[in-house]
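A.B. asks: Sharing a structure below in structure tokens format, with a few things to ask.
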Amino acid sequence: MDGEDVVQDALFEAYRKLDQYDDSRALAPWLFRIAHNRCIDFLRRRGVRNEAEAASMGPEYVLPAQPPVLGVGRAVEQLVMSLPPKERACVLLKDVFDYTLEEIAELVSSTVGGVKAALNRGRSKLATLPEPVKSHREVSPELSRLLHQYVDGFNKRDWDGLRKLISADAQLRVADRFAGPIDESPYFGNYERQTVPWRLAVAEVDGELSVVVLRQHRDEWRPDSAARLKVIDGHIARIVDYTHCPWIISAATSVILADLS
């Protein structure tokens with residue numbers, strides 16, 4: 001879900017800077033640099049980047065003749081969590097997307113030699129990583145209480161009751177569809193008009209307390225998408241709904257549902 005947020009921010013920034021784009025040059029490197037910088041900003045805000053950079057300091061060395069090759073899927077998750085930004089970008093672009101060294105150097109504003117060194121460091125770190133430990137974030141009792149009230153109101157289609165839980169100036173973002181004040185959106189009505197059976201539940205998605213949308217598959221309810229809620233002063237101040245991004249649930253390491261009874 002963090003990745004989806006950063007993508008949206010990067011695309012919005014690119015849109016605002018279109019007048020600065022030199023259309024005589026390739027679009028991909030320009031977009032990549034914006035996205036790369038947004039990722040670094042995000043990591044810096046969470047205090048992760050400084051720790052990763054400090055851990056990466058050390059002598060450069062060369063890999064054996066046949067280095068480990070990174071695959072997609074969970075290996076990409078390991079890459080994102082374990083490497084500092086430059087090494088992460090180089091390994092991803094080379095081993096997942098198969099860019100040339102020259103292309104990568106342009107994308108990350110480096111040299112071919114710098115890219116080679118970053119690849120050596122990044123690949124070696126990934127090859128020696130222990131099995132990942134699942135993270136667990138402390139859950140705010142206030143957030144847990146409000147999420148359960150929100151889910152209960154949604155499942156009862158009690159839209160008036162839900163509005164009492166939400167701040168007057170609450171913001172809504174439905175990824176790839178809408179961003180703005182929730183009172184200017186048809187959010188609740190869109191859910192009410194859905195013809196496919198659905199219900200909401202509270203769940204931990206990769207250790208983060210969230211709301212998930214369940215879809216009915218025969219006699220079973222399965223997680224289909226997720227939403228994040230931000231609580232301030234006892235009210236819901238922001239909702240980010242990923243109903244149009246079902247890949248977020250499929251990419252999650254763990255989805256632990258609360259009691260559905």
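By order of appearance in the structure tokens: chains A, B, ..., then residues from 1 within every chain, and ligands from 1 in the order shown.
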Find the residues around Leu93 of chain A up to 10 Å (only C-alpha atoms counted), leave out those fewer than 6 positions away in its own chain, and share them as a list in words.

C.D. replies: Glu87, Tyr99, Thr100, Leu101, Glu103, Ile104, Leu107 and Val108 of chain A

A.B. asks: Need to verify the contact set: Trp198 of chain A, 8 Å, only C-alpha atoms, exclusion of same-chain residues closer than 5 positions in sequence. Can you return it as a PyMOL selection string?

C.D. replies: chain A and resi 213-216

A.B. asks: Those selected residues, please, written with N, CA and C atoms and delivered as a compact mmCIF listing (two decimals), in the first residue's frame.

C.D. replies:
```txt
# COMPACT_ATOMS: atom_id res chain seq x y z
N VAL A 213 -11.97 -5.43 2.06
CA VAL A 213 -13.23 -5.76 1.42
C VAL A 213 -13.22 -7.24 1.08
N LEU A 214 -14.23 -7.96 1.52
CA LEU A 214 -14.35 -9.38 1.24
C LEU A 214 -15.37 -9.59 0.13
N ARG A 215 -15.06 -10.47 -0.81
CA ARG A 215 -15.99 -10.85 -1.87
C ARG A 215 -16.38 -12.31 -1.66
N GLN A 216 -17.61 -12.62 -2.01
CA GLN A 216 -18.11 -13.97 -1.79
C GLN A 216 -17.76 -14.86 -2.97
```

A.B. asks: Tell me, in Å to one decimal, how far atom CA of Ser254 of chain A is from atom CA of Asp206 of chain A.

C.D. replies: 5.1 Å

A.B. asks: So, counting only C-alpha atoms, which residue among A:His235, A:Arg38, A:Val212, A:Val205 is closest to Ala251 of chain A?

C.D. replies: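 Under the stated criterion, the closest residue is A:Val205.
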
A.B. asks: Nearest to Ala252 of chain A among A:Met1, A:Ile166, A:Ala26, A:Ala105, with distances taken over only C-alpha atoms: which residue is it?

C.D. replies: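 The closest residue to Ala252 of chain A is A:Met1.
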
A.B. asks: As a count of residues only, please: all residues of segment 92-171 of chain A that backbone DSSP puts in strand (DSSP E).

C.D. replies: 6

A.B. asks: Counting only C-alpha atoms, which of A:Leu11, A:Ala35, A:Leu129, A:Ile256 gets nearest to Glu208 of chain A?

C.D. replies: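 Closest to Glu208 of chain A, using only C-alpha atoms: A:Ile256.
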
A.B. asks: Fewer than 5 positions away in the same chain doesn't count, so skip those; otherwise give me all residues within 12 Å of segment 5-7 of chain A, counting only C-alpha atoms, as a ChimeraX atom specification.

C.D. replies: /A:12-14,31-32,34-43,173-176,179,227-228,240-242,245,248

A.B. asks: Put those residues in a file: C-alpha atoms, as a PDB file, in the first residue's frame.

C.D. replies:
```pdb
ATOM      1  CA  PHE A  12       0.956  13.754  -9.782  1.00  0.00           C
ATOM      2  CA  GLU A  13       4.356  15.442  -9.513  1.00  0.00           C
ATOM      3  CA  ALA A  14       5.165  14.477 -13.131  1.00  0.00           C
ATOM      4  CA  LEU A  31       9.632   9.589 -14.942  1.00  0.00           C
ATOM      5  CA  PHE A  32      11.947   7.150 -13.197  1.00  0.00           C
ATOM      6  CA  ILE A  34      10.791  11.501 -10.206  1.00  0.00           C
ATOM      7  CA  ALA A  35       9.571   8.160  -8.815  1.00  0.00           C
ATOM      8  CA  HIS A  36      13.025   7.340  -7.437  1.00  0.00           C
ATOM      9  CA  ASN A  37      13.217  10.663  -5.601  1.00  0.00           C
ATOM     10  CA  ARG A  38       9.713  10.242  -4.184  1.00  0.00           C
ATOM     11  CA  CYS A  39      10.724   6.820  -2.833  1.00  0.00           C
ATOM     12  CA  ILE A  40      13.800   8.306  -1.167  1.00  0.00           C
ATOM     13  CA  ASP A  41      11.685  11.065   0.383  1.00  0.00           C
ATOM     14  CA  PHE A  42       9.251   8.475   1.699  1.00  0.00           C
ATOM     15  CA  LEU A  43      12.032   6.402   3.258  1.00  0.00           C
ATOM     16  CA  ARG A 173      -8.515   8.947  -2.016  1.00  0.00           C
ATOM     17  CA  VAL A 174      -9.755   6.062  -4.103  1.00  0.00           C
ATOM     18  CA  ALA A 175      -6.573   4.973  -5.857  1.00  0.00           C
ATOM     19  CA  ASP A 176      -6.714   5.612  -9.620  1.00  0.00           C
ATOM     20  CA  ALA A 179      -8.931  12.420  -4.512  1.00  0.00           C
ATOM     21  CA  ALA A 227      -8.360   0.448   2.732  1.00  0.00           C
ATOM     22  CA  ARG A 228      -6.353   2.556   5.175  1.00  0.00           C
ATOM     23  CA  VAL A 240      -7.398   5.665   1.248  1.00  0.00           C
ATOM     24  CA  ASP A 241      -9.330   2.952  -0.593  1.00  0.00           C
ATOM     25  CA  TYR A 242      -7.505   0.499  -2.875  1.00  0.00           C
ATOM     26  CA  CYS A 245      -5.851  -2.184  -6.842  1.00  0.00           C
ATOM     27  CA  ILE A 248      -2.130  -5.183  -3.109  1.00  0.00           C
TER      28      ILE A 248
END
```

A.B. asks: Go through A:Leu92, A:Leu257, A:Ile236, A:Leu147 one by one, measure the shortest atom-to-atom distance of each to Gly207 of chain A using only C-alpha atoms, and give the residue with the smallest value.

C.D. replies: A:Leu257

A.B. asks: Do you have the atom CA of Arg44 of chain A-atom CA of Gly114 of chain A distance handy?

C.D. replies: 22.4 Å

A.B. asks: Going by DSSP on the backbone, which residues of segment 19-49 of chain A come out as alpha helix (DSSP H)? List them as a list in words.

C.D. replies: Leu27, Ala28, Pro29, Trp30, Leu31, Phe32, Arg33, Ile34, Ala35, His36, Asn37, Arg38, Cys39, Ile40, Asp41, Phe42, Leu43, Arg44, Arg45, Val48 and Arg49 of chain A

A.B. asks: How far is it from atom CA of Arg193 of chain A to atom CA of Gln8 of chain A, in Å with one decimal?

C.D. replies: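 Interatomic distance here is 26.5 Å.
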
A.B. asks: Counting only C-alpha atoms, figure out which residue out of A:Thr243, A:Ser167, A:Ser225, A:Ser210 gets nearest to Tyr187 of chain A.

C.D. replies: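 The closest residue to Tyr187 of chain A is A:Thr243.
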